[in-house]
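Peer 1: First, the structure itself, so that you have it in front of you.
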Amino acid sequence: MSNAAYRDHLGRPLVAVTGMGVVTSLGQGIADNWTRLTAGESGIHPIVRFPSEELSTRICGTVDFIDVPAPNAVERSFAFARETTVEALAQADISGEFGGPLFLAAPPIEPEWSARFDLGDRVRSDQMNGNAYEQFLAVLRETPDPAYHEAILFGSISERLADQFGTRGLPVTLSTACASGATAIQLGVEAIRQGRTDRALSVATDGSVSAEALIRFSLLSALSTNNDPPEKASRPFTKDRDGFVIAEGAATLVLESLEAAMARGARIHGIISGCGEKADHFHRTRSSPDGGPAIATIHAALHDAGLTADDIGYINAHGTSTPENDKMEYLSLSTVFGDRMADVPVSSNKSMIGHTLTAAGAVEAVFSLMTITTGVIPPTINYDNPDPAIPLDVVPNVKRAAQVTSVLSNSFGFGGQNACLVMTAEPA
């Protein structure tokens, strides 16, 4: 290939994906996840991690099959990220020191209530002066608790990953709500495009499902209360959708400049051709009703990729199954794609795996790349009562064979965090 073949329309290095790993409620590893996802199976199940009998939502997509040394969000998130990174590096045929930067999307970390109560029980009567935090600090000064300390450190996950896999420089940890996974990929892409590195590790993980997290989302009326049967709860783009299903998962992508990847004979799973991000200032948990920021984000990703809406063969939707977000996403897509919208397949992985929160953008990027490499579009399950106000081709209930060379993947998060990725097939 000529040197120009390794550059995009703006003269920047093309960024290839050479390794991927994934964990969701469907299982561990790409093979199991892809088999079950394309079969239209659901990973949603009753909550077993904590009592939920008195809660309005009693279902989830937690990952309960990976052992962790302590039952907290940090240990779960680290374990998921570790497993997906092991898989991604093996697929990329990279061993030893990774030698490139690490960009990690991780959930905002807080001590779970059980840990706070335990700490409170250790406060002596002579320490009960001042507020609760002063009392907690007094206990920890007297008897240091390294496990508790690590469990509340936001950056500890990325530092442990960096130590284990030999990444270069200080690891970057970010948390941009539901857009986090896509943002971690964007940071890796930008590092390679700017010539700062030939490879980068983009990881997104979320093991933060707890009683408190579930209650907080329930107070926002964001969660589905269709508890029985659990696998029917997530119903994106249907008339009777009533909220998302909280879930966990992780994904890792090994990013390399196409030139470096080809030089070492790596297998190319696809190209991250475009990244777009825009802020939405309308409301901290609601998207702008006119879809303006989401429309701008999609346009930015297409422009960054040097493509138009006519070039996109499939859309991996944000598709949360919340009444307002699904309506806004349709408005945004129909505005960008116009009359062609009816002919573009759009499906939601969340109908099967739930909403993996911080990890969602990266998990869905992996599945988007799998569509490119396998020629299979996953379905949107539970599409039994279509919303006539959202006339999309959602690949209803059954997978579809299709040769797709370009995918748009949307991630629209709380706090006005919007990110879109455009992924394309390896250039000829």
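All residue names refer to the structure tokens as shown: chains lettered A, B, ... in order, residues numbered from 1 in each chain, ligands numbered from 1 in order.
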Which residues are close to Ser42 (chain A), i.e. within 8 Å by only C-alpha atoms, leaving aside same-chain residues fewer than 3 positions away? Reply as an mmCIF file with N, CA, C and O atoms, in the first residue's frame.

Peer 2:
```cif
data_model
loop_
_atom_site.group_PDB
_atom_site.id
_atom_site.type_symbol
_atom_site.label_atom_id
_atom_site.label_comp_id
_atom_site.auth_asym_id
_atom_site.auth_seq_id
_atom_site.Cartn_x
_atom_site.Cartn_y
_atom_site.Cartn_z
ATOM 1 N N LEU A 26 -24.850 -11.210 28.799
ATOM 2 C CA LEU A 26 -24.991 -12.390 27.946
ATOM 3 C C LEU A 26 -23.856 -13.379 28.140
ATOM 4 O O LEU A 26 -23.973 -14.546 27.761
ATOM 5 N N ARG A 36 -25.157 -15.198 21.141
ATOM 6 C CA ARG A 36 -26.416 -14.979 21.847
ATOM 7 C C ARG A 36 -27.097 -13.687 21.396
ATOM 8 O O ARG A 36 -28.332 -13.621 21.303
ATOM 9 N N LEU A 37 -26.288 -12.661 21.120
ATOM 10 C CA LEU A 37 -26.863 -11.385 20.682
ATOM 11 C C LEU A 37 -27.571 -11.546 19.344
ATOM 12 O O LEU A 37 -28.711 -11.090 19.162
ATOM 13 N N GLU A 231 -36.855 -10.685 30.622
ATOM 14 C CA GLU A 231 -36.285 -10.573 29.276
ATOM 15 C C GLU A 231 -37.152 -9.757 28.320
ATOM 16 O O GLU A 231 -36.713 -9.385 27.234
ATOM 17 N N SER A 351 -31.759 -3.789 23.924
ATOM 18 C CA SER A 351 -32.951 -4.625 24.074
ATOM 19 C C SER A 351 -32.601 -5.997 24.633
ATOM 20 O O SER A 351 -33.447 -6.673 25.221
ATOM 21 N N MET A 352 -31.322 -6.401 24.497
ATOM 22 C CA MET A 352 -30.883 -7.715 24.972
ATOM 23 C C MET A 352 -29.938 -7.651 26.164
ATOM 24 O O MET A 352 -30.008 -8.478 27.064
ATOM 25 N N ILE A 353 -29.036 -6.667 26.184
ATOM 26 C CA ILE A 353 -28.036 -6.611 27.260
ATOM 27 C C ILE A 353 -28.354 -5.561 28.310
ATOM 28 O O ILE A 353 -27.684 -5.486 29.336
#
```

Peer 1: Considering only strand (DSSP E or B) as DSSP defines it on the backbone, what residues of region 124-333 of chain A qualify? List them as JSON, numbers by chain.

Peer 2: {"A": [172, 173, 174, 199, 200, 201, 202, 203, 204, 205, 206, 223, 238, 244, 246, 247, 249, 250, 251, 252, 253, 254, 255, 256, 257, 270, 271, 272, 273, 274, 275, 276, 277, 278, 279, 314, 315, 316]}

Peer 1: With only C-alpha atoms counted and 12 Å as the cut-off, give the residues of region 259-321 of chain A in contact with region 162-182 of chain A, each with its shortest interatomic distance in Å and the pair that gives it, as CSV.

Peer 2:
```
residue,atom,partner,partner_atom,distance
A:Ile272,CA,A:Ala182,CA,10.8
A:Gly274,CA,A:Ala182,CA,11.1
A:Cys275,CA,A:Ala182,CA,8.4
A:Gly276,CA,A:Ala182,CA,9.4
A:Glu277,CA,A:Ala179,CA,9.1
A:Lys278,CA,A:Ala179,CA,10.6
A:Ala279,CA,A:Thr176,CA,10.7
A:Arg284,CA,A:Ala177,CA,10.9
A:Thr285,CA,A:Ala177,CA,10.3
A:Ala294,CA,A:Ala179,CA,11.9
A:Thr297,CA,A:Ala179,CA,11.6
A:Ala301,CA,A:Ala182,CA,11.5
A:His318,CA,A:Cys178,CA,9.2
A:Gly319,CA,A:Cys178,CA,11.7
A:Thr320,CA,A:Cys178,CA,10.3
```

Peer 1: So that I can check the surroundings of Ala147 (chain A), please list as a ChimeraX atom specification every protein, DNA and RNA residue that reaches within 12 Å of it, counting only C-alpha atoms and ignoring chain neighbours fewer than 4 positions away.

Peer 2: /A:69-72,74-75,111,115,140,143,151-153,156

Peer 1: Applying 7 Å and only C-alpha atoms, which residues near region 186-193 of chain A remain after dropping the ones on its own chain fewer than 3 positions away? List them as number ranges by chain.

Peer 2: A: 12-13, 15, 103, 182-183, 196-202, 255, 257, 275

Peer 1: Mind dumping the selected residues with all heavy atoms as a compact mmCIF listing (two decimals), in the first residue's frame?

Peer 2:
```txt
# COMPACT_ATOMS: atom_id res chain seq x y z
N ARG A 12 -4.66 12.51 8.11
CA ARG A 12 -4.33 11.94 9.42
C ARG A 12 -4.16 10.43 9.30
O ARG A 12 -4.75 9.80 8.41
CB ARG A 12 -5.45 12.25 10.42
CG ARG A 12 -5.76 13.73 10.56
CD ARG A 12 -7.04 13.96 11.36
NE ARG A 12 -8.20 13.33 10.72
CZ ARG A 12 -9.46 13.49 11.12
NH1 ARG A 12 -9.72 14.27 12.17
NH2 ARG A 12 -10.46 12.90 10.49
N PRO A 13 -3.38 9.83 10.22
CA PRO A 13 -3.25 8.37 10.19
C PRO A 13 -4.61 7.68 10.37
O PRO A 13 -5.39 8.08 11.24
CB PRO A 13 -2.33 8.07 11.38
CG PRO A 13 -1.58 9.34 11.62
CD PRO A 13 -2.52 10.44 11.26
N VAL A 15 -6.94 4.90 11.78
CA VAL A 15 -6.86 4.18 13.05
C VAL A 15 -7.63 2.87 12.94
O VAL A 15 -8.85 2.86 12.73
CB VAL A 15 -7.42 5.02 14.21
CG1 VAL A 15 -7.33 4.24 15.53
CG2 VAL A 15 -6.64 6.34 14.32
N PHE A 103 -6.70 4.65 27.95
CA PHE A 103 -7.83 5.55 28.19
C PHE A 103 -8.98 4.70 28.72
O PHE A 103 -9.47 3.81 28.03
CB PHE A 103 -8.23 6.26 26.90
CG PHE A 103 -7.11 7.08 26.31
CD1 PHE A 103 -6.35 6.58 25.27
CD2 PHE A 103 -6.81 8.33 26.83
CE1 PHE A 103 -5.31 7.33 24.73
CE2 PHE A 103 -5.76 9.09 26.30
CZ PHE A 103 -5.01 8.58 25.25
N ALA A 182 -17.61 5.62 24.29
CA ALA A 182 -17.28 6.22 23.01
C ALA A 182 -16.19 7.28 23.16
O ALA A 182 -15.31 7.42 22.31
CB ALA A 182 -18.53 6.83 22.37
N THR A 183 -16.24 8.02 24.27
CA THR A 183 -15.24 9.05 24.51
C THR A 183 -13.86 8.43 24.73
O THR A 183 -12.84 8.97 24.26
CB THR A 183 -15.63 9.90 25.73
OG1 THR A 183 -16.93 10.46 25.52
CG2 THR A 183 -14.64 11.04 25.93
N ARG A 196 1.15 10.95 18.49
CA ARG A 196 1.74 10.77 19.82
C ARG A 196 2.05 9.32 20.13
O ARG A 196 2.79 9.03 21.06
CB ARG A 196 0.83 11.38 20.88
CG ARG A 196 0.70 12.89 20.78
CD ARG A 196 -0.04 13.50 21.95
NE ARG A 196 -1.48 13.36 21.82
CZ ARG A 196 -2.26 12.77 22.72
NH1 ARG A 196 -1.73 12.22 23.79
NH2 ARG A 196 -3.56 12.71 22.54
N THR A 197 1.43 8.41 19.38
CA THR A 197 1.64 6.99 19.63
C THR A 197 1.18 6.21 18.40
O THR A 197 0.39 6.72 17.60
CB THR A 197 0.85 6.53 20.87
OG1 THR A 197 1.11 5.15 21.13
CG2 THR A 197 -0.66 6.71 20.65
N ASP A 198 1.67 4.99 18.25
CA ASP A 198 1.21 4.11 17.18
C ASP A 198 0.08 3.21 17.65
O ASP A 198 -0.59 2.58 16.82
CB ASP A 198 2.36 3.25 16.66
CG ASP A 198 3.28 4.01 15.74
OD1 ASP A 198 2.83 4.99 15.12
OD2 ASP A 198 4.47 3.65 15.66
N ARG A 199 -0.10 3.10 18.96
CA ARG A 199 -1.16 2.24 19.48
C ARG A 199 -1.71 2.81 20.78
O ARG A 199 -1.03 3.53 21.50
CB ARG A 199 -0.65 0.81 19.71
CG ARG A 199 0.43 0.69 20.76
CD ARG A 199 0.79 -0.76 21.09
NE ARG A 199 1.23 -1.52 19.92
CZ ARG A 199 1.94 -2.64 20.02
NH1 ARG A 199 2.30 -3.12 21.23
NH2 ARG A 199 2.30 -3.30 18.94
N ALA A 200 -2.96 2.48 21.07
CA ALA A 200 -3.61 2.93 22.29
C ALA A 200 -4.60 1.86 22.74
O ALA A 200 -5.14 1.10 21.93
CB ALA A 200 -4.32 4.26 22.08
N LEU A 201 -4.83 1.83 24.03
CA LEU A 201 -5.77 0.88 24.63
C LEU A 201 -6.97 1.68 25.15
O LEU A 201 -6.82 2.54 26.02
CB LEU A 201 -5.08 0.15 25.78
CG LEU A 201 -5.60 -1.23 26.23
CD1 LEU A 201 -5.63 -2.20 25.06
CD2 LEU A 201 -4.74 -1.75 27.36
N SER A 202 -8.14 1.42 24.57
CA SER A 202 -9.36 2.09 25.01
C SER A 202 -10.24 1.06 25.71
O SER A 202 -10.63 0.04 25.11
CB SER A 202 -10.11 2.70 23.82
OG SER A 202 -9.39 3.78 23.28
N LEU A 255 -6.35 -0.14 19.61
CA LEU A 255 -6.30 0.77 18.47
C LEU A 255 -4.86 0.91 18.00
O LEU A 255 -3.96 1.05 18.82
CB LEU A 255 -6.86 2.14 18.85
CG LEU A 255 -8.26 2.18 19.48
CD1 LEU A 255 -8.63 3.62 19.82
CD2 LEU A 255 -9.29 1.58 18.55
N SER A 257 -2.37 2.62 14.55
CA SER A 257 -2.34 3.23 13.23
C SER A 257 -2.37 2.09 12.21
O SER A 257 -1.76 1.04 12.43
CB SER A 257 -1.09 4.09 13.05
OG SER A 257 0.06 3.28 12.91
N CYS A 275 -15.27 10.53 14.71
CA CYS A 275 -15.72 10.72 16.09
C CYS A 275 -16.37 12.10 16.18
O CYS A 275 -15.83 13.09 15.67
CB CYS A 275 -14.56 10.66 17.08
SG CYS A 275 -13.52 9.20 16.96
```

Peer 1: Smallest atom-to-atom distance to Leu220 (chain A): which of A:Thr405, A:Thr322, A:Thr308, A:Ala81, using only C-alpha atoms?

Peer 2: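 For Leu220 (chain A), the nearest of the candidates is A:Thr322.
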
Peer 1: How many Å lie between CA of Glu212 (chain A) and CA of Ala317 (chain A), rounded to one decimal?

Peer 2: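 Distance reported for this atom pair: 27.6 Å.
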
Peer 1: For CA of Ile298 (chain A) and CA of Asp343 (chain A), quote the distance in Å rounded to one decimal.

Peer 2: 17.8 Å

Peer 1: Could you pull out the helix (DSSP H, G or I) residues of region 127-329 of chain A from DSSP and send them as number ranges by chain?

Peer 2: A: 127, 132-142, 146-151, 156-165, 177-193, 211-219, 230-232, 258-263, 292-305, 309-311, 323-329

Peer 1: Identify which of the residues A:Tyr133, A:Phe117, A:Phe154, A:Trp34 lies closest to Pro379 (chain A), counting only C-alpha atoms when measuring atom-to-atom distances.

Peer 2: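 Once distances to Pro379 (chain A) are computed over only C-alpha atoms, the minimum belongs to A:Trp34.
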
Peer 1: Between A:Trp113, A:Phe80, A:Phe244, A:Phe98, which residue has the minimum interatomic distance to Ser221 (chain A), considering only C-alpha atoms?

Peer 2: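 Of A:Trp113, A:Phe80, A:Phe244, A:Phe98, the one nearest Ser221 (chain A), counting only C-alpha atoms, is A:Phe244.
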
Peer 1: Would you please work out which residue, of A:Gln194, A:Asn397, A:Asn227, A:Asn385, is nearest to Ile47 (chain A) when using only C-alpha atoms?

Peer 2: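 The shortest atom-to-atom distance to Ile47 (chain A) comes from A:Asn227.
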
Peer 1: As number ranges by chain, please: the residues near Lys399 (chain A) (cut-off 12 Å, only C-alpha atoms, same-chain neighbours under 2 positions excluded).

Peer 2: A: 34-41, 345-349, 371, 374-381, 394-397, 401-402

Peer 1: Taking N, CA, C and O atoms for each residue, export the selection above as a compact mmCIF listing (two decimals), in the first residue's frame.

Peer 2:
```txt
# COMPACT_ATOMS: atom_id res chain seq x y z
N TRP A 34 -21.62 -12.66 20.85
CA TRP A 34 -22.12 -12.47 19.49
C TRP A 34 -23.12 -13.56 19.12
O TRP A 34 -24.15 -13.28 18.48
N THR A 35 -22.87 -14.79 19.53
CA THR A 35 -23.80 -15.88 19.25
C THR A 35 -25.16 -15.61 19.89
O THR A 35 -26.21 -15.74 19.24
N ARG A 36 -25.16 -15.20 21.14
CA ARG A 36 -26.42 -14.98 21.85
C ARG A 36 -27.10 -13.69 21.40
O ARG A 36 -28.33 -13.62 21.30
N LEU A 37 -26.29 -12.66 21.12
CA LEU A 37 -26.86 -11.38 20.68
C LEU A 37 -27.57 -11.55 19.34
O LEU A 37 -28.71 -11.09 19.16
N THR A 38 -26.93 -12.20 18.40
CA THR A 38 -27.54 -12.36 17.08
C THR A 38 -28.68 -13.38 17.09
O THR A 38 -29.50 -13.39 16.18
N ALA A 39 -28.72 -14.21 18.12
CA ALA A 39 -29.85 -15.14 18.27
C ALA A 39 -31.05 -14.47 18.92
O ALA A 39 -32.12 -15.09 19.06
N GLY A 40 -30.88 -13.21 19.35
CA GLY A 40 -31.98 -12.50 19.97
C GLY A 40 -32.25 -12.90 21.41
O GLY A 40 -33.36 -12.74 21.91
N GLU A 41 -31.22 -13.41 22.08
CA GLU A 41 -31.38 -13.80 23.48
C GLU A 41 -31.20 -12.60 24.40
O GLU A 41 -30.50 -11.64 24.06
N PRO A 345 -31.17 0.17 8.26
CA PRO A 345 -31.45 -0.63 9.44
C PRO A 345 -30.88 0.01 10.70
O PRO A 345 -29.74 0.50 10.70
N VAL A 346 -31.69 0.01 11.76
CA VAL A 346 -31.32 0.62 13.04
C VAL A 346 -31.68 -0.37 14.13
O VAL A 346 -32.86 -0.74 14.26
N SER A 347 -30.72 -0.83 14.91
CA SER A 347 -31.09 -1.75 15.99
C SER A 347 -30.46 -1.35 17.31
O SER A 347 -29.48 -0.60 17.35
N SER A 348 -31.04 -1.85 18.38
CA SER A 348 -30.60 -1.52 19.73
C SER A 348 -30.12 -2.77 20.46
O SER A 348 -30.91 -3.67 20.77
N ASN A 349 -28.82 -2.81 20.76
CA ASN A 349 -28.27 -3.91 21.57
C ASN A 349 -28.86 -3.92 22.97
O ASN A 349 -28.95 -4.97 23.61
N THR A 371 -20.62 -6.54 13.22
CA THR A 371 -21.54 -6.51 12.09
C THR A 371 -20.77 -6.33 10.79
O THR A 371 -21.05 -6.99 9.77
N THR A 374 -18.78 -9.75 10.11
CA THR A 374 -19.56 -10.99 9.93
C THR A 374 -20.70 -10.86 8.93
O THR A 374 -21.24 -11.88 8.48
N GLY A 375 -21.12 -9.63 8.61
CA GLY A 375 -22.26 -9.48 7.71
C GLY A 375 -23.58 -9.82 8.35
O GLY A 375 -24.52 -10.24 7.66
N VAL A 376 -23.68 -9.64 9.69
CA VAL A 376 -24.92 -9.94 10.41
C VAL A 376 -25.29 -8.72 11.25
O VAL A 376 -24.46 -8.19 12.00
N ILE A 377 -26.54 -8.28 11.15
CA ILE A 377 -27.05 -7.18 11.98
C ILE A 377 -27.87 -7.77 13.11
O ILE A 377 -28.84 -8.52 12.87
N PRO A 378 -27.53 -7.48 14.37
CA PRO A 378 -28.32 -7.99 15.49
C PRO A 378 -29.72 -7.39 15.47
O PRO A 378 -29.92 -6.26 14.99
N PRO A 379 -30.68 -8.10 16.02
CA PRO A 379 -32.05 -7.58 16.02
C PRO A 379 -32.29 -6.62 17.19
O PRO A 379 -31.46 -6.47 18.08
N THR A 380 -33.44 -5.98 17.14
CA THR A 380 -34.02 -5.31 18.31
C THR A 380 -35.13 -6.22 18.78
O THR A 380 -36.14 -6.40 18.07
N ILE A 381 -34.95 -6.85 19.93
CA ILE A 381 -35.97 -7.79 20.38
C ILE A 381 -37.09 -7.06 21.13
O ILE A 381 -36.98 -5.86 21.41
N VAL A 394 -36.12 -1.35 12.58
CA VAL A 394 -35.35 -1.70 13.77
C VAL A 394 -34.81 -3.14 13.73
O VAL A 394 -34.35 -3.65 14.74
N VAL A 395 -34.85 -3.78 12.59
CA VAL A 395 -34.46 -5.19 12.47
C VAL A 395 -35.23 -5.98 13.53
O VAL A 395 -34.66 -6.55 14.46
N PRO A 396 -36.55 -6.00 13.43
CA PRO A 396 -37.38 -6.50 14.52
C PRO A 396 -37.22 -7.98 14.82
O PRO A 396 -37.43 -8.83 13.96
N ASN A 397 -36.78 -8.26 16.04
CA ASN A 397 -36.83 -9.58 16.67
C ASN A 397 -35.93 -10.66 16.07
O ASN A 397 -35.60 -11.62 16.76
N ALA A 401 -29.00 -10.80 7.66
CA ALA A 401 -27.74 -10.85 6.92
C ALA A 401 -27.66 -9.62 6.01
O ALA A 401 -28.61 -9.30 5.31
N ALA A 402 -26.53 -8.93 6.06
CA ALA A 402 -26.34 -7.73 5.25
C ALA A 402 -24.87 -7.40 5.17
O ALA A 402 -24.16 -7.46 6.19
```

Peer 1: Need the shell around Ala425 (chain A): protein/DNA/RNA residues with any atom at most 8 Å away, counting only C-alpha atoms. Skip same-chain ones fewer than 4 positions apart. Format as a PyMOL selection string?

Peer 2: chain A and resi 269-271+372-373+405-406

Peer 1: Store the residues picked out above, limited to C-alpha atoms, as a CSV table (one decimal), in the first residue's frame.

Peer 2:
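Output below, filename out.csv:
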```
chain,number,residue,atom,x,y,z
A,269,HIS,CA,-11.4,-5.7,12.4
A,270,GLY,CA,-12.3,-2.2,11.1
A,271,ILE,CA,-11.4,1.4,11.1
A,372,ILE,CA,-18.9,-5.3,9.6
A,373,THR,CA,-16.8,-8.4,9.9
A,405,THR,CA,-19.1,-1.4,5.3
A,406,SER,CA,-20.0,1.6,7.5
```

Peer 1: Find the residue from A:Met423, A:Ala222, A:Ile94, A:Leu10 that sits nearest to Ala261 (chain A); use only C-alpha atoms when measuring.

Peer 2: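 Of the candidates, the smallest distance to Ala261 (chain A) is held by A:Ile94.
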
Peer 1: Give me, please, the distance in Å between CA of Asp242 (chain A) and CA of Thr335 (chain A), quoted to one decimal.

Peer 2: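 Atom-to-atom, CA of Asp242 (chain A) to CA of Thr335 (chain A), that is 24.4 Å.
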